[in-house]
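Here's the structure we're looking at; comments come further down.
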Amino acid sequence: MRWALCVALGLLPLVCGHPTSGTGQEELQDADPLRLQSGSTSGRAHEVPAETNPLPETTEVNPAMPVEELNPSHYQASRAAKVAEHYLNYHYGSPFRRFIIRQVKRATLEEIPTGAARYHIEFSLEEMVSNTTIGNCAAEIVFERTEEQKTPQVQCTCDDLLKINTSEAENSFFHQIKKSSALVSGQYIPDSYGFTAPEMTPLWHLGGVAASFVMLKESNESTLYNMAQILSLQQQESEGESLVFDYEVLLHEFISQEMIQWHMKVNWSPTEGVKVTQSNLQPKHHDHSPTTENPVINSSST
């Protein structure tokens, strides 16, 4: 049976552009230590009980440094919390588990003499696939204030982060795709009406989890990223146990209101989790023409 999905693009006025450079393979390797801070490799975390696989303890604030109490609803707190969200998604997310900040409860800012800023954020987290409240989290985010974009340093602890067991759904979805005679493909997810076909929803979440890798690397104190849309996805032939996908995604940077296109090569399996093996910033273009056509789902079988 062949499985293919093509959803026509509806009204979506987009302008592409990006203030920072793309992510090459060397930068991806430089980012690997971030993955080690979680205490496990991405994906494996949800196979292990939380109490045996804790997230790292946040470092204590130096009492000699002035610490500013922030309004939890202020933009500084929300931007720092969003970085923690990206971090948790990339390290612990899957096609059936994706996190979103529910509420920032407390936030402080410490100016570091080396020219960095340390934020301490306390927040509640929600798992958006099951609409389940995870509990309370605490994160420390350090932004290096340099001309060159540097990945924020993140440490985070959460209550009951791994309490949602998604292994059965992940294994079923994985084997369904693995056994298919056709490669999965899709376009414009969701469409301009906000619709995502149910069979593509796990791949939408997988794209969001993978995009968190890019959004984490590109974040600083003046950004606020979210994934707006999957322009296209295409499963690739792969050897071994992982599924491999090419994603073209649009990231929305809320502060500048730019829509930024990235290409990602994504590996995923229930045992190894999500790994972005390649990511590239795409050139600016304006070819996302608005359309008034209704979404169309095409599928064929052989």
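Within each chain, counting starts at residue 1; across the structure tokens, chains are named A, B, ... in the order shown, with ligands numbered 1 upward in that order.
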
Quiz item: Mind checking DSSP for range 61-272 of chain A and telling me the strand (DSSP E) residues as a PyMOL selection string?
Solution: chain A and resi 67-70+99-112+116-127+132-144+153-158+185-189+225-236+243-253+258-269

Quiz prompt | Spatial neighbours of range 214-224 of chain A, 8 Å, only C-alpha atoms, chain gap at least 6 places, as an MDAnalysis selection string | solution = chainID A and resid 20 23 31 76 79:80 82:83 86:87 143 149:152 253:256 279

Selection near Ile101 in chain A, 8 Å with only C-alpha atoms, sequence-local residues under 5 positions removed, as an mmCIF file with C-alpha atoms, in the first residue's frame:
data_model
loop_
_atom_site.group_PDB
_atom_site.id
_atom_site.type_symbol
_atom_site.label_atom_id
_atom_site.label_comp_id
_atom_site.auth_asym_id
_atom_site.auth_seq_id
_atom_site.Cartn_x
_atom_site.Cartn_y
_atom_site.Cartn_z
ATOM 1 C CA ALA A 81 11.112 29.956 29.487
ATOM 2 C CA LYS A 82 10.622 29.308 25.772
ATOM 3 C CA GLU A 85 10.714 24.469 26.393
ATOM 4 C CA PHE A 123 7.256 27.124 35.578
ATOM 5 C CA SER A 124 4.582 24.502 35.068
ATOM 6 C CA LEU A 125 4.694 22.280 32.009
ATOM 7 C CA GLU A 126 2.006 20.617 29.920
#

Quiz item: What are the DSSP alpha helix (DSSP H) residues of range 54-283 of chain A, as a PyMOL selection string?
Solution: chain A and resi 75-92+167-179+201-218

Practice problem: Can you work out which one of A:Arg145, A:Arg97, A:His252, A:Lys179 has the shortest atom-to-atom distance to Pro113 in chain A, counting only C-alpha atoms? | Solution: A:Arg145

Self-check item: Option closest in space to Ala117 in chain A, from A:Asp159, A:Glu272, A:Glu148, A:Glu68 [counting only C-alpha atoms]
Solution: A:Glu68

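Closest approach to Arg98 in chain A from the set A:Val274, A:Ile177, A:Leu231, A:Ala197 is made by A:Val274, with distances taken over only C-alpha atoms.
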
Quiz item: CA of Leu109 in chain A and CA of Pro66 in chain A are how many Å apart?
Solution: 8.6 Å
